[in-house]
Amino acid sequence: MSAYKITLKSELKHGTFYWVANVNAASEDEAVTAAEHLFIEQLNGADEWDFSDYDAEKL
């Protein structure tokens with residue numbers, strides 16, 4: 001098992017969403033799957049989290 005920092009990116013209608021997670025896995029593919037599963041777990045408890053940081057750029 002190795003530690004991975006995985007960044008998942010999704011292009012949505014109104015913007016881009018990134019999910020960054022640290023996971024332990026036997027391969028990079030397994031690490032991506034583990035990060036996806038962690039994201040789903042977080043969505044199931046969405047009332048427990050809030051955005052804590054942001055970056056704003058004037059266009």
# chains A, B, ... in the order shown; residues from 1 in each chain; ligands from 1
$ residues_around --residues "range 27-37 of chain A" --least-positions-apart "6" --cutoff "7 Å" --atoms "only C-alpha atoms" --output "PyMOL selection string"
chain A and resi 4+6+21
$ write_last_selection --atoms "N, CA and C atoms" --output "PDB file, in the first residue's frame"
ATOM      1  N   TYR A   4      -1.442   8.221  -1.485  1.00  0.00           N
ATOM      2  CA  TYR A   4      -1.651   9.038  -2.676  1.00  0.00           C
ATOM      3  C   TYR A   4      -2.450  10.281  -2.300  1.00  0.00           C
ATOM      4  N   ILE A   6      -4.968  12.452  -4.226  1.00  0.00           N
ATOM      5  CA  ILE A   6      -5.739  12.370  -5.456  1.00  0.00           C
ATOM      6  C   ILE A   6      -6.575  13.645  -5.619  1.00  0.00           C
ATOM      7  N   ALA A  21      -8.258  14.368  -2.004  1.00  0.00           N
ATOM      8  CA  ALA A  21      -8.281  13.444  -0.872  1.00  0.00           C
ATOM      9  C   ALA A  21      -6.962  12.695  -0.766  1.00  0.00           C
TER      10      ALA A  21
END
$ select_by_dssp --residues "range 1-57 of chain A" --states "alpha helix (DSSP H)" --output "list in words"
Glu28, Asp29, Glu30, Ala31, Val32, Thr33, Ala34, Ala35, Glu36, His37, Leu38, Phe39, Ile40, Glu41, Gln42, Leu43 and Asn44 of chain A
$ write_last_selection --atoms "N, CA and C atoms" --output "tab-separated table (two decimals), in the first residue's frame"
chain	number	residue	atom	x	y	z
A	28	GLU	N	-2.47	3.38	-8.37
A	28	GLU	CA	-3.08	4.68	-8.66
A	28	GLU	C	-4.56	4.53	-9.00
A	29	ASP	N	-4.90	3.52	-9.79
A	29	ASP	CA	-6.31	3.29	-10.14
A	29	ASP	C	-7.15	3.03	-8.90
A	30	GLU	N	-6.63	2.22	-7.98
A	30	GLU	CA	-7.36	1.95	-6.74
A	30	GLU	C	-7.46	3.21	-5.88
A	31	ALA	N	-6.45	4.06	-5.94
A	31	ALA	CA	-6.47	5.31	-5.18
A	31	ALA	C	-7.56	6.24	-5.70
A	32	VAL	N	-7.72	6.30	-7.02
A	32	VAL	CA	-8.78	7.13	-7.60
A	32	VAL	C	-10.14	6.61	-7.16
A	33	THR	N	-10.32	5.31	-7.20
A	33	THR	CA	-11.60	4.71	-6.77
A	33	THR	C	-11.86	5.00	-5.30
A	34	ALA	N	-10.84	4.89	-4.48
A	34	ALA	CA	-10.98	5.17	-3.05
A	34	ALA	C	-11.37	6.63	-2.82
A	35	ALA	N	-10.76	7.55	-3.58
A	35	ALA	CA	-11.09	8.98	-3.46
A	35	ALA	C	-12.54	9.23	-3.89
A	36	GLU	N	-12.98	8.56	-4.94
A	36	GLU	CA	-14.37	8.69	-5.38
A	36	GLU	C	-15.33	8.21	-4.29
A	37	HIS	N	-15.00	7.11	-3.65
A	37	HIS	CA	-15.85	6.57	-2.58
A	37	HIS	C	-15.89	7.52	-1.39
A	38	LEU	N	-14.75	8.11	-1.05
A	38	LEU	CA	-14.73	9.09	0.05
A	38	LEU	C	-15.62	10.29	-0.28
A	39	PHE	N	-15.61	10.72	-1.53
A	39	PHE	CA	-16.45	11.83	-1.94
A	39	PHE	C	-17.93	11.50	-1.78
A	40	ILE	N	-18.32	10.31	-2.20
A	40	ILE	CA	-19.71	9.88	-2.06
A	40	ILE	C	-20.11	9.85	-0.59
A	41	GLU	N	-19.21	9.35	0.27
A	41	GLU	CA	-19.49	9.35	1.72
A	41	GLU	C	-19.73	10.76	2.23
A	42	GLN	N	-18.92	11.72	1.77
A	42	GLN	CA	-19.08	13.10	2.21
A	42	GLN	C	-20.39	13.69	1.71
A	43	LEU	N	-20.79	13.36	0.50
A	43	LEU	CA	-22.07	13.86	-0.02
A	43	LEU	C	-23.23	13.35	0.80
A	44	ASN	N	-23.13	12.11	1.25
A	44	ASN	CA	-24.20	11.54	2.07
A	44	ASN	C	-24.35	12.26	3.40
$ residues_around --residues "Leu8 in chain A" --least-positions-apart "2" --cutoff "7 Å" --atoms "only C-alpha atoms" --output "count of residues only"
5
$ atom_distance --atom1 "CA of Lys5 in chain A" --atom2 "CA of Ala25 in chain A"
10.6 Å
$ atom_distance --atom1 "CA of Asn22 in chain A" --atom2 "CA of Lys9 in chain A"
14.9 Å
